[in-house]
file final_38.pdb (PDB, C-alpha atoms and all ligand atoms)
ATOM      1  CA  MET T   1     -16.864 135.410  -7.606
ATOM      2  CA  THR T   2     -15.783 132.012  -8.911
ATOM      3  CA  HIS T   3     -12.008 132.416  -8.645
ATOM      4  CA  LYS T   4      -9.888 134.084  -5.988
ATOM      5  CA  LEU T   5      -9.576 137.792  -6.623
ATOM      6  CA  ARG T   6      -5.908 138.763  -6.950
ATOM      7  CA  VAL T   7      -5.375 141.869  -4.824
ATOM      8  CA  GLY T   8      -2.545 144.385  -4.400
ATOM      9  CA  LEU T   9      -2.605 146.493  -1.228
ATOM     10  CA  VAL T  10      -1.116 150.008  -1.283
ATOM     11  CA  GLY T  11      -0.052 151.282   2.167
ATOM     12  CA  TYR T  12       1.402 149.324   5.049
ATOM     13  CA  GLY T  13       0.985 151.711   7.957
ATOM     14  CA  LYS T  14      -1.409 151.519  10.930
ATOM     15  CA  ALA T  15      -4.465 150.818   8.781
ATOM     16  CA  GLY T  16      -2.786 148.938   5.892
ATOM     17  CA  SER T  17      -1.124 146.332   8.136
ATOM     18  CA  ALA T  18      -4.484 145.551   9.818
ATOM     19  CA  VAL T  19      -6.164 145.345   6.393
ATOM     20  CA  ALA T  20      -3.416 142.931   5.268
ATOM     21  CA  ASN T  21      -4.283 140.679   8.251
ATOM     22  CA  VAL T  22      -7.895 140.457   7.091
ATOM     23  CA  LEU T  23      -7.307 140.092   3.331
ATOM     24  CA  SER T  24      -4.540 137.500   3.745
ATOM     25  CA  ASN T  25      -6.830 135.336   5.896
ATOM     26  CA  ASP T  26      -9.880 135.552   3.628
ATOM     27  CA  PRO T  27     -10.146 132.595   1.219
ATOM     28  CA  ARG T  28     -11.927 134.754  -1.386
ATOM     29  CA  PHE T  29      -8.758 136.787  -1.965
ATOM     30  CA  ASP T  30      -5.209 136.167  -3.056
ATOM     31  CA  LEU T  31      -3.230 139.079  -1.600
ATOM     32  CA  ARG T  32      -0.297 139.099  -4.040
ATOM     33  CA  TRP T  33       1.766 142.014  -2.740
ATOM     34  CA  ILE T  34       1.782 145.051  -0.493
ATOM     35  CA  ALA T  35       3.249 148.349  -1.713
ATOM     36  CA  ARG T  36       4.631 151.086   0.510
ATOM     37  CA  ARG T  37       6.373 154.354  -0.275
ATOM     38  CA  SER T  38       9.941 153.361   0.647
ATOM     39  CA  THR T  39      11.772 150.101   0.043
ATOM     40  CA  PRO T  40      12.451 148.337   3.356
ATOM     41  CA  SER T  41      16.195 147.979   4.154
ATOM     42  CA  GLU T  42      15.875 144.180   4.215
ATOM     43  CA  SER T  43      13.442 142.185   2.129
ATOM     44  CA  GLN T  44      10.171 142.129   4.052
ATOM     45  CA  THR T  45       7.062 139.949   4.041
ATOM     46  CA  HIS T  46       3.779 140.292   5.920
ATOM     47  CA  PRO T  47       4.084 138.268   9.193
ATOM     48  CA  ALA T  48       3.243 134.560   8.967
ATOM     49  CA  THR T  49       2.850 134.800   5.158
ATOM     50  CA  SER T  50       5.142 135.028   2.148
ATOM     51  CA  ILE T  51       3.355 138.150   0.828
ATOM     52  CA  PRO T  52       6.127 140.551  -0.255
ATOM     53  CA  ILE T  53       6.219 144.194   0.861
ATOM     54  CA  ILE T  54       7.599 146.305  -1.977
ATOM     55  CA  GLY T  55       8.696 149.960  -2.103
ATOM     56  CA  VAL T  56       7.284 151.981  -5.018
ATOM     57  CA  ASP T  57      10.389 154.214  -4.878
ATOM     58  CA  GLN T  58      12.307 151.346  -6.558
ATOM     59  CA  HIS T  59       9.396 149.469  -8.179
ATOM     60  CA  PRO T  60       6.993 151.949  -9.799
ATOM     61  CA  PHE T  61       3.394 150.775 -10.238
ATOM     62  CA  ALA T  62       3.760 150.260 -14.027
ATOM     63  CA  ASP T  63       6.521 147.648 -13.401
ATOM     64  CA  LEU T  64       4.822 146.164 -10.354
ATOM     65  CA  LEU T  65       1.538 145.611 -12.207
ATOM     66  CA  GLU T  66       3.330 144.213 -15.268
ATOM     67  CA  GLN T  67       5.400 141.727 -13.251
ATOM     68  CA  HIS T  68       2.767 140.862 -10.623
ATOM     69  CA  PRO T  69      -0.678 141.395 -12.194
ATOM     70  CA  VAL T  70      -3.721 141.799  -9.937
ATOM     71  CA  ASP T  71      -7.482 142.139 -10.451
ATOM     72  CA  ALA T  72      -7.931 144.795  -7.757
ATOM     73  CA  LEU T  73      -6.033 147.467  -5.812
ATOM     74  CA  VAL T  74      -6.925 148.448  -2.255
ATOM     75  CA  ASP T  75      -5.491 151.818  -1.217
ATOM     76  CA  PHE T  76      -4.703 152.713   2.412
ATOM     77  CA  SER T  77      -1.683 154.940   1.658
ATOM     78  CA  SER T  78      -1.967 158.695   1.013
ATOM     79  CA  PRO T  79      -3.957 160.993  -1.308
ATOM     80  CA  ALA T  80      -0.935 161.310  -3.627
ATOM     81  CA  SER T  81      -0.657 157.692  -4.717
ATOM     82  CA  ILE T  82      -3.803 157.587  -6.907
ATOM     83  CA  ARG T  83      -1.902 159.766  -9.431
ATOM     84  CA  ASP T  84       0.949 157.207  -9.422
ATOM     85  CA  TYR T  85      -1.163 154.142 -10.218
ATOM     86  CA  GLY T  86      -4.306 155.733 -11.753
ATOM     87  CA  SER T  87      -3.393 155.528 -15.448
ATOM     88  CA  GLU T  88      -2.227 151.877 -15.099
ATOM     89  CA  VAL T  89      -5.402 150.936 -13.211
ATOM     90  CA  GLY T  90      -7.551 152.563 -15.923
ATOM     91  CA  ARG T  91      -5.536 151.070 -18.797
ATOM     92  CA  ARG T  92      -5.619 147.551 -17.350
ATOM     93  CA  GLY T  93      -9.211 147.695 -16.035
ATOM     94  CA  ILE T  94      -8.093 146.936 -12.458
ATOM     95  CA  MET T  95     -10.808 147.454  -9.808
ATOM     96  CA  LEU T  96      -9.959 150.103  -7.231
ATOM     97  CA  VAL T  97     -11.095 150.302  -3.604
ATOM     98  CA  SER T  98      -9.708 153.508  -2.135
ATOM     99  CA  ALA T  99     -10.146 154.253   1.569
ATOM    100  CA  ILE T 100      -8.239 157.537   1.480
ATOM    101  CA  SER T 101     -10.046 159.956   3.807
ATOM    102  CA  ALA T 102      -8.527 163.262   2.732
ATOM    103  CA  TYR T 103      -8.824 163.523  -1.061
ATOM    104  CA  SER T 104      -9.071 167.061  -2.459
ATOM    105  CA  GLU T 105     -11.884 167.938  -4.885
ATOM    106  CA  ASP T 106      -9.339 167.519  -7.720
ATOM    107  CA  ASP T 107      -8.332 164.057  -6.489
ATOM    108  CA  LEU T 108     -11.987 163.028  -6.286
ATOM    109  CA  ALA T 109     -12.628 164.309  -9.805
ATOM    110  CA  TYR T 110      -9.629 162.245 -10.978
ATOM    111  CA  ALA T 111     -11.005 159.133  -9.205
ATOM    112  CA  ARG T 112     -14.459 159.730 -10.721
ATOM    113  CA  ALA T 113     -12.942 160.006 -14.205
ATOM    114  CA  LEU T 114     -11.208 156.632 -13.704
ATOM    115  CA  GLY T 115     -14.705 155.173 -13.349
ATOM    116  CA  ALA T 116     -15.096 155.533 -17.143
ATOM    117  CA  HIS T 117     -12.470 152.778 -17.556
ATOM    118  CA  THR T 118     -12.896 150.513 -14.532
ATOM    119  CA  ARG T 119     -14.823 150.018 -11.266
ATOM    120  CA  VAL T 120     -13.838 152.525  -8.588
ATOM    121  CA  LEU T 121     -15.003 152.849  -4.997
ATOM    122  CA  CYS T 122     -13.912 155.730  -2.768
ATOM    123  CA  SER T 123     -14.963 155.696   0.861
ATOM    124  CA  PRO T 124     -13.597 158.075   3.505
ATOM    125  CA  ASN T 125     -15.162 155.774   6.107
ATOM    126  CA  ILE T 126     -14.920 152.169   5.116
ATOM    127  CA  THR T 127     -16.230 150.217   8.107
ATOM    128  CA  LEU T 128     -19.258 148.130   7.268
ATOM    129  CA  GLY T 129     -20.894 148.890  10.623
ATOM    130  CA  ILE T 130     -20.825 152.691  10.389
ATOM    131  CA  ASN T 131     -22.048 152.649   6.816
ATOM    132  CA  PHE T 132     -24.893 150.346   7.774
ATOM    133  CA  LEU T 133     -25.743 152.621  10.731
ATOM    134  CA  ILE T 134     -25.899 155.643   8.418
ATOM    135  CA  VAL T 135     -28.208 153.899   5.943
ATOM    136  CA  ALA T 136     -30.470 152.623   8.770
ATOM    137  CA  ALA T 137     -30.594 156.072  10.413
ATOM    138  CA  LYS T 138     -31.428 157.717   7.086
ATOM    139  CA  LEU T 139     -34.310 155.288   6.587
ATOM    140  CA  LEU T 140     -35.713 155.863  10.082
ATOM    141  CA  ARG T 141     -35.450 159.630   9.598
ATOM    142  CA  LYS T 142     -37.566 159.303   6.438
ATOM    143  CA  ILE T 143     -40.129 157.093   8.203
ATOM    144  CA  ALA T 144     -40.332 159.277  11.327
ATOM    145  CA  PRO T 145     -39.315 162.860  10.483
ATOM    146  CA  PHE T 146     -41.123 164.037  13.667
ATOM    147  CA  ALA T 147     -38.732 162.192  16.037
ATOM    148  CA  ASP T 148     -36.032 164.215  17.835
ATOM    149  CA  VAL T 149     -32.508 163.277  16.744
ATOM    150  CA  GLU T 150     -29.313 163.520  18.801
ATOM    151  CA  ILE T 151     -25.867 162.159  17.949
ATOM    152  CA  VAL T 152     -23.365 161.134  20.616
ATOM    153  CA  GLU T 153     -19.751 160.388  19.767
ATOM    154  CA  GLN T 154     -17.088 159.177  22.209
ATOM    155  CA  HIS T 155     -13.348 158.935  21.494
ATOM    156  CA  PHE T 156      -9.986 158.712  23.301
ATOM    157  CA  LYS T 157      -9.037 161.695  25.411
ATOM    158  CA  GLU T 158      -6.462 163.157  22.992
ATOM    159  CA  LYS T 159      -8.765 163.425  19.913
ATOM    160  CA  PRO T 160      -9.134 167.201  19.487
ATOM    161  CA  GLU T 161     -11.796 167.612  16.801
ATOM    162  CA  VAL T 162     -15.438 166.558  16.492
ATOM    163  CA  SER T 163     -15.567 163.195  14.740
ATOM    164  CA  GLY T 164     -15.875 163.488  10.941
ATOM    165  CA  THR T 165     -18.185 160.487  10.987
ATOM    166  CA  ALA T 166     -20.520 162.235  13.457
ATOM    167  CA  ARG T 167     -20.561 165.297  11.184
ATOM    168  CA  LYS T 168     -21.366 163.094   8.212
ATOM    169  CA  ILE T 169     -24.239 161.457  10.161
ATOM    170  CA  ALA T 170     -25.594 164.912  11.076
ATOM    171  CA  GLU T 171     -25.381 166.075   7.464
ATOM    172  CA  THR T 172     -27.123 162.919   6.211
ATOM    173  CA  LEU T 173     -29.943 163.324   8.753
ATOM    174  CA  GLU T 174     -30.166 167.079   8.076
ATOM    175  CA  VAL T 175     -29.530 168.105  11.669
ATOM    176  CA  GLY T 176     -27.001 170.711  12.787
ATOM    177  CA  GLY T 177     -23.696 170.418  14.634
ATOM    178  CA  GLU T 178     -25.479 171.512  17.831
ATOM    179  CA  ASN T 179     -27.138 168.062  17.836
ATOM    180  CA  ILE T 180     -23.737 166.347  18.241
ATOM    181  CA  THR T 181     -22.425 165.659  21.762
ATOM    182  CA  SER T 182     -18.721 164.748  21.962
ATOM    183  CA  LEU T 183     -17.215 162.989  24.974
ATOM    184  CA  ARG T 184     -13.448 162.525  25.363
ATOM    185  CA  LEU T 185     -12.338 159.907  27.844
ATOM    186  CA  GLY T 186      -9.735 157.196  28.330
ATOM    187  CA  GLY T 187      -8.793 155.126  25.301
ATOM    188  CA  ILE T 188     -12.132 154.716  23.510
ATOM    189  CA  VAL T 189     -11.353 153.798  19.869
ATOM    190  CA  GLY T 190     -14.623 155.150  18.449
ATOM    191  CA  HIS T 191     -18.261 155.122  19.560
ATOM    192  CA  HIS T 192     -21.140 156.648  17.571
ATOM    193  CA  GLU T 193     -24.735 156.630  18.653
ATOM    194  CA  VAL T 194     -27.802 158.089  16.950
ATOM    195  CA  ILE T 195     -30.752 158.509  19.315
ATOM    196  CA  PHE T 196     -34.271 158.943  17.934
ATOM    197  CA  GLY T 197     -36.641 160.337  20.547
ATOM    198  CA  PHE T 198     -40.286 159.473  19.843
ATOM    199  CA  PRO T 199     -43.112 160.589  22.183
ATOM    200  CA  HIS T 200     -43.567 157.091  23.619
ATOM    201  CA  GLN T 201     -40.388 155.232  22.705
ATOM    202  CA  THR T 202     -36.680 155.688  22.036
ATOM    203  CA  VAL T 203     -34.589 154.069  19.290
ATOM    204  CA  ARG T 204     -30.785 153.957  19.622
ATOM    205  CA  LEU T 205     -28.461 152.939  16.797
ATOM    206  CA  THR T 206     -24.959 152.304  18.129
ATOM    207  CA  HIS T 207     -21.608 151.444  16.592
ATOM    208  CA  ASP T 208     -18.361 150.694  18.456
ATOM    209  CA  SER T 209     -15.006 150.351  16.733
ATOM    210  CA  ILE T 210     -12.879 147.686  18.372
ATOM    211  CA  ARG T 211      -9.878 147.084  16.096
ATOM    212  CA  ARG T 212      -8.451 148.517  12.848
ATOM    213  CA  GLU T 213      -9.125 145.141  11.232
ATOM    214  CA  ALA T 214     -12.689 146.501  10.784
ATOM    215  CA  PHE T 215     -11.265 148.551   7.870
ATOM    216  CA  GLY T 216     -10.241 145.253   6.248
ATOM    217  CA  THR T 217     -13.730 143.812   6.649
ATOM    218  CA  GLY T 218     -15.108 146.904   4.886
ATOM    219  CA  ALA T 219     -12.544 146.649   2.084
ATOM    220  CA  ALA T 220     -13.376 142.939   1.629
ATOM    221  CA  PHE T 221     -17.088 143.769   1.401
ATOM    222  CA  ALA T 222     -16.374 146.494  -1.158
ATOM    223  CA  LEU T 223     -14.221 144.151  -3.272
ATOM    224  CA  THR T 224     -16.864 141.428  -3.434
ATOM    225  CA  GLN T 225     -19.673 143.888  -4.245
ATOM    226  CA  LEU T 226     -17.650 145.838  -6.783
ATOM    227  CA  ALA T 227     -16.780 142.593  -8.577
ATOM    228  CA  ASP T 228     -20.479 142.368  -9.572
ATOM    229  CA  CYS T 229     -20.791 145.999 -10.720
ATOM    230  CA  GLU T 230     -20.370 147.678 -14.092
ATOM    231  CA  ASN T 231     -17.532 150.127 -14.654
ATOM    232  CA  GLY T 232     -18.259 153.355 -12.781
ATOM    233  CA  PHE T 233     -17.618 155.374  -9.642
ATOM    234  CA  TYR T 234     -19.280 154.151  -6.437
ATOM    235  CA  THR T 235     -19.601 155.155  -2.791
ATOM    236  CA  PHE T 236     -20.055 152.676   0.058
ATOM    237  CA  ASP T 237     -23.725 153.747   0.249
ATOM    238  CA  ASP T 238     -24.196 152.775  -3.399
ATOM    239  CA  LEU T 239     -22.912 149.256  -2.701
ATOM    240  CA  LEU T 240     -25.001 148.813   0.462
ATOM    241  CA  LEU T 241     -28.188 150.085  -1.199
ATOM    242  CA  ARG T 242     -27.564 147.872  -4.221
ATOM    243  CA  LEU T 243     -27.252 144.832  -1.933
ATOM    244  CA  MET T 244     -30.387 145.802   0.002
ATOM    245  CA  ARG T 245     -32.348 146.081  -3.247
ATOM    246  CA  VAL T 246     -31.185 142.628  -4.335
ATOM    247  CA  GLU T 247     -31.426 140.835  -0.971
ATOM    248  CA  VAL T 248     -34.335 142.526   0.760
ATOM    249  CA  LEU T 249     -36.645 143.982  -1.855
ATOM    250  CA  ASN T 250     -36.439 140.898  -4.101
ATOM    251  CA  GLY T 251     -37.185 138.747  -1.059
ATOM    252  CA  ASN T 252     -33.988 136.635  -1.399
TER     253      ASN T 252
HETATM  254  N1  LIG T 301     -11.653 155.088   4.982
HETATM  255  C1  LIG T 301     -11.347 154.708   6.208
HETATM  256  O1  LIG T 301     -12.226 154.265   6.984
HETATM  257  C2  LIG T 301      -9.925 154.797   6.671
HETATM  258  C3  LIG T 301      -9.525 154.214   7.866
HETATM  259  C4  LIG T 301      -8.182 154.307   8.230
HETATM  260  C5  LIG T 301      -7.261 154.969   7.426
HETATM  261  N2  LIG T 301      -7.705 155.534   6.279
HETATM  262  C6  LIG T 301      -6.771 156.228   5.367
HETATM  263  O2  LIG T 301      -5.696 155.360   5.053
HETATM  264  C7  LIG T 301      -4.519 156.130   4.847
HETATM  265  C8  LIG T 301      -3.384 155.546   5.689
HETATM  266  O3  LIG T 301      -3.662 155.738   7.067
HETATM  267  P1  LIG T 301      -2.636 155.191   8.192
HETATM  268  O4  LIG T 301      -3.141 155.660   9.490
HETATM  269  O5  LIG T 301      -2.404 153.723   7.977
HETATM  270  O6  LIG T 301      -1.299 155.998   7.770
HETATM  271  P2  LIG T 301       0.199 155.613   8.029
HETATM  272  O7  LIG T 301       0.335 154.783   9.252
HETATM  273  O8  LIG T 301       0.970 156.895   7.935
HETATM  274  O9  LIG T 301       0.633 154.682   6.772
HETATM  275  C9  LIG T 301       0.676 155.145   5.457
HETATM  276  C10 LIG T 301       1.259 154.044   4.563
HETATM  277  O10 LIG T 301       1.099 154.426   3.208
HETATM  278  C11 LIG T 301       2.361 154.362   2.536
HETATM  279  N3  LIG T 301       2.393 155.417   1.517
HETATM  280  C12 LIG T 301       2.219 156.760   1.697
HETATM  281  N4  LIG T 301       2.303 157.401   0.520
HETATM  282  C13 LIG T 301       2.477 156.440  -0.425
HETATM  283  C14 LIG T 301       2.630 156.471  -1.835
HETATM  284  N5  LIG T 301       2.609 157.626  -2.515
HETATM  285  N6  LIG T 301       2.778 155.287  -2.491
HETATM  286  C15 LIG T 301       2.805 154.119  -1.817
HETATM  287  N7  LIG T 301       2.675 154.030  -0.465
HETATM  288  C16 LIG T 301       2.530 155.186   0.206
HETATM  289  C17 LIG T 301       3.396 154.550   3.617
HETATM  290  O11 LIG T 301       4.625 154.004   3.169
HETATM  291  P3  LIG T 301       5.936 153.907   4.132
HETATM  292  O12 LIG T 301       5.607 152.799   5.107
HETATM  293  O13 LIG T 301       7.038 153.542   3.219
HETATM  294  O14 LIG T 301       6.057 155.257   4.769
HETATM  295  C18 LIG T 301       2.744 153.773   4.785
HETATM  296  O15 LIG T 301       3.011 152.389   4.657
HETATM  297  C19 LIG T 301      -4.889 157.576   5.173
HETATM  298  O16 LIG T 301      -5.173 158.257   3.962
HETATM  299  C20 LIG T 301      -6.150 157.467   5.990
HETATM  300  O17 LIG T 301      -7.005 158.560   5.801
HETATM  301  C21 LIG T 301      -9.001 155.459   5.894
END

call {"tool": "encode", "arguments": {"input": "final_38.pdb", "output": "structure tokens"}}
result
Amino acid sequence: MTHKLRVGLVGYGKAGSAVANVLSNDPRFDLRWIARRSTPSESQTHPATSIPIIGVDQHPFADLLEQHPVDALVDFSSPASIRDYGSEVGRRGIMLVSAISAYSEDDLAYARALGAHTRVLCSPNITLGINFLIVAAKLLRKIAPFADVEIVEQHFKEKPEVSGTARKIAETLEVGGENITSLRLGGIVGHHEVIFGFPHQTVRLTHDSIRREAFGTGAAFALTQLADCENGFYTFDDLLLRLMRVEVLNGN
């Protein structure tokens, strides 16, 4: 990227505000505005910046994008909002990085179709570390299909369900849910470990989430990678594997 990428962020909740911290401090990006569902009662800016926070109830995306153009949208709002900005994003060729975790099949088909007009990435888990762990585990599984595999996930006491990330790791490695061990204790944000048991050695791949800002690091990675891609629909795996091909296999 030669110029700063102008970015609009959709969603200013728990994840969006942490993502705003990362994007607003990264010199590669010019975070132009943040959109949320409802207009704040008083005019609001992101702390320590002059980045405006705008409600789409009073400023629909068509007006927002006309008055404050951007090169990319990053979505940490809700599954519904892609239908609000989708046609504008496609029409204007704006890159989209969507981190929405709970899209329906219909929503995903809509996002895929947008890939005919612009570059679209959808990732239900957008941390760089977990995605790297999954790719590395997949590679080791291919190299050593004879090794035993167990997955351990640890989260805060109140989390009721088995981690979706652990289930995705199990699915990728073609092992069953019975190979996942879940521990619930204290305030652990998120710990995932894949253990490969060889006859004479053990390999452990571990990821710990520390702060929600990690979502921003993942979004920043996706933006920079997507900027070099053709129009199309991408997953985080696609971007990581593309980078590995360029950086590792070409010996750069
Ligand atoms: N891929 C990942 O790794 C990852 C990680 C974390 C979160 N997420 C996803 O990010 C989303 C937000 O999570 P969260 O925990 O931050 O939720 P949250 O705290 O409830 O915040 C949601 C934000 O989105 C805004 N919003 C909701 N619907 C909107 C719409 N139609 N148009 C514009 N803005 C809208 C809300 O506006 P108001 O403030 O006006 O209510 C709020 O600012 C969820 O879909 C979650 O799955 C993904």

call {"tool": "residues_around", "arguments": {"input": "final_38.pdb", "residues": "stretch 205-211 of chain T", "least_positions_apart": "4", "cutoff": "9 Å", "atoms": "all atoms listed in the file", "output": "mmCIF file with C-alpha atoms, in the coordinates of the input"}}
result
data_model
loop_
_atom_site.group_PDB
_atom_site.id
_atom_site.type_symbol
_atom_site.label_atom_id
_atom_site.label_comp_id
_atom_site.auth_asym_id
_atom_site.auth_seq_id
_atom_site.Cartn_x
_atom_site.Cartn_y
_atom_site.Cartn_z
ATOM 1 C CA ALA T 18 -4.484 145.551 9.818
ATOM 2 C CA THR T 127 -16.230 150.217 8.107
ATOM 3 C CA GLY T 129 -20.894 148.890 10.623
ATOM 4 C CA ILE T 130 -20.825 152.691 10.389
ATOM 5 C CA LEU T 133 -25.743 152.621 10.731
ATOM 6 C CA ALA T 136 -30.470 152.623 8.770
ATOM 7 C CA ALA T 137 -30.594 156.072 10.413
ATOM 8 C CA ILE T 188 -12.132 154.716 23.510
ATOM 9 C CA VAL T 189 -11.353 153.798 19.869
ATOM 10 C CA GLY T 190 -14.623 155.150 18.449
ATOM 11 C CA HIS T 191 -18.261 155.122 19.560
ATOM 12 C CA HIS T 192 -21.140 156.648 17.571
ATOM 13 C CA GLU T 193 -24.735 156.630 18.653
ATOM 14 C CA VAL T 194 -27.802 158.089 16.950
ATOM 15 C CA ILE T 195 -30.752 158.509 19.315
ATOM 16 C CA PHE T 196 -34.271 158.943 17.934
ATOM 17 C CA PHE T 215 -11.265 148.551 7.870
#

call {"tool": "closest_residue", "arguments": {"input": "final_38.pdb", "among": "T:Leu140, T:Ile134, T:Ala80, T:Phe236", "to": "T:Glu171", "atoms": "only C-alpha atoms"}}
result
T:Ile134

call {"tool": "residues_around", "arguments": {"input": "final_38.pdb", "residues": "T:Phe221", "least_positions_apart": "3", "cutoff": "10 Å", "atoms": "all atoms listed in the file", "output": "list in words"}}
result
Ile126, Thr127, Leu128, Phe215, Gly216, Thr217, Gly218, Thr224, Gln225, Leu226, Phe236, Leu239 and Leu240 of chain T

call {"tool": "residues_near_ligand", "arguments": {"input": "final_38.pdb", "ligand": "ligand LIG 301 (chain T)", "cutoff": "8 Å", "atoms": "only C-alpha atoms and all ligand atoms", "output": "ChimeraX atom specification"}}
result
/T:10-17,35-40,55-56,75-82,84,98-102,123-127,212,215

call {"tool": "atom_distance", "arguments": {"input": "final_38.pdb", "atom1": "atom CA of T:Glu213", "atom2": "atom CA of T:Ala113"}}
result
29.7 Å

call {"tool": "atom_distance", "arguments": {"input": "final_38.pdb", "atom1": "atom CA of T:Met95", "atom2": "atom CA of T:Arg167"}}
result
29.2 Å

call {"tool": "residues_around", "arguments": {"input": "final_38.pdb", "residues": "stretch 143-159 of chain T", "least_positions_apart": "2", "cutoff": "9 Å", "atoms": "only C-alpha atoms", "output": "ChimeraX atom specification"}}
result
/T:138-141,161-163,165-166,169-170,173,175,178-199

call {"tool": "atom_distance", "arguments": {"input": "final_38.pdb", "atom1": "atom CA of T:Glu174", "atom2": "atom CA of T:Gln201"}}
result
21.4 Å

call {"tool": "decode", "arguments": {"input": "final_38.pdb", "residues": "stretch 174-189 of chain T", "atoms": "N, CA and C atoms", "output": "CSV table (one decimal), in the first residue's frame"}}
result
chain,number,residue,atom,x,y,z
T,174,GLU,N,-10.0,-33.1,11.5
T,174,GLU,CA,-10.8,-34.4,11.3
T,174,GLU,C,-10.8,-35.3,12.5
T,175,VAL,N,-10.9,-34.6,13.7
T,175,VAL,CA,-11.1,-35.4,14.9
T,175,VAL,C,-12.5,-35.1,15.5
T,176,GLY,N,-13.0,-35.9,16.4
T,176,GLY,CA,-14.3,-35.7,16.9
T,176,GLY,C,-14.4,-34.8,18.1
T,177,GLY,N,-15.6,-34.4,18.5
T,177,GLY,CA,-15.8,-33.6,19.7
T,177,GLY,C,-15.3,-34.3,21.0
T,178,GLU,N,-15.2,-35.6,21.0
T,178,GLU,CA,-14.7,-36.3,22.2
T,178,GLU,C,-13.2,-36.0,22.4
T,179,ASN,N,-12.5,-35.5,21.4
T,179,ASN,CA,-11.1,-35.1,21.5
T,179,ASN,C,-10.9,-33.7,22.0
T,180,ILE,N,-12.0,-33.0,22.4
T,180,ILE,CA,-11.9,-31.7,23.0
T,180,ILE,C,-12.1,-31.7,24.5
T,181,THR,N,-11.2,-31.2,25.3
T,181,THR,CA,-11.4,-31.1,26.7
T,181,THR,C,-11.6,-29.6,27.1
T,182,SER,N,-12.7,-29.3,27.7
T,182,SER,CA,-13.1,-27.9,28.1
T,182,SER,C,-12.9,-27.7,29.6
T,183,LEU,N,-12.1,-26.7,30.0
T,183,LEU,CA,-12.0,-26.3,31.4
T,183,LEU,C,-12.6,-24.9,31.6
T,184,ARG,N,-13.4,-24.8,32.7
T,184,ARG,CA,-14.0,-23.5,33.0
T,184,ARG,C,-13.5,-23.0,34.3
T,185,LEU,N,-12.7,-21.9,34.3
T,185,LEU,CA,-12.2,-21.5,35.6
T,185,LEU,C,-11.8,-20.0,35.6
T,186,GLY,N,-12.1,-19.3,36.7
T,186,GLY,CA,-11.7,-17.9,36.9
T,186,GLY,C,-12.2,-17.0,35.7
T,187,GLY,N,-11.2,-16.2,35.3
T,187,GLY,CA,-11.6,-15.2,34.2
T,187,GLY,C,-10.8,-15.3,33.0
T,188,ILE,N,-10.4,-16.6,32.7
T,188,ILE,CA,-9.6,-16.8,31.4
T,188,ILE,C,-10.3,-16.3,30.2
T,189,VAL,N,-9.6,-15.4,29.4
T,189,VAL,CA,-10.3,-14.8,28.2
T,189,VAL,C,-10.4,-15.9,27.2
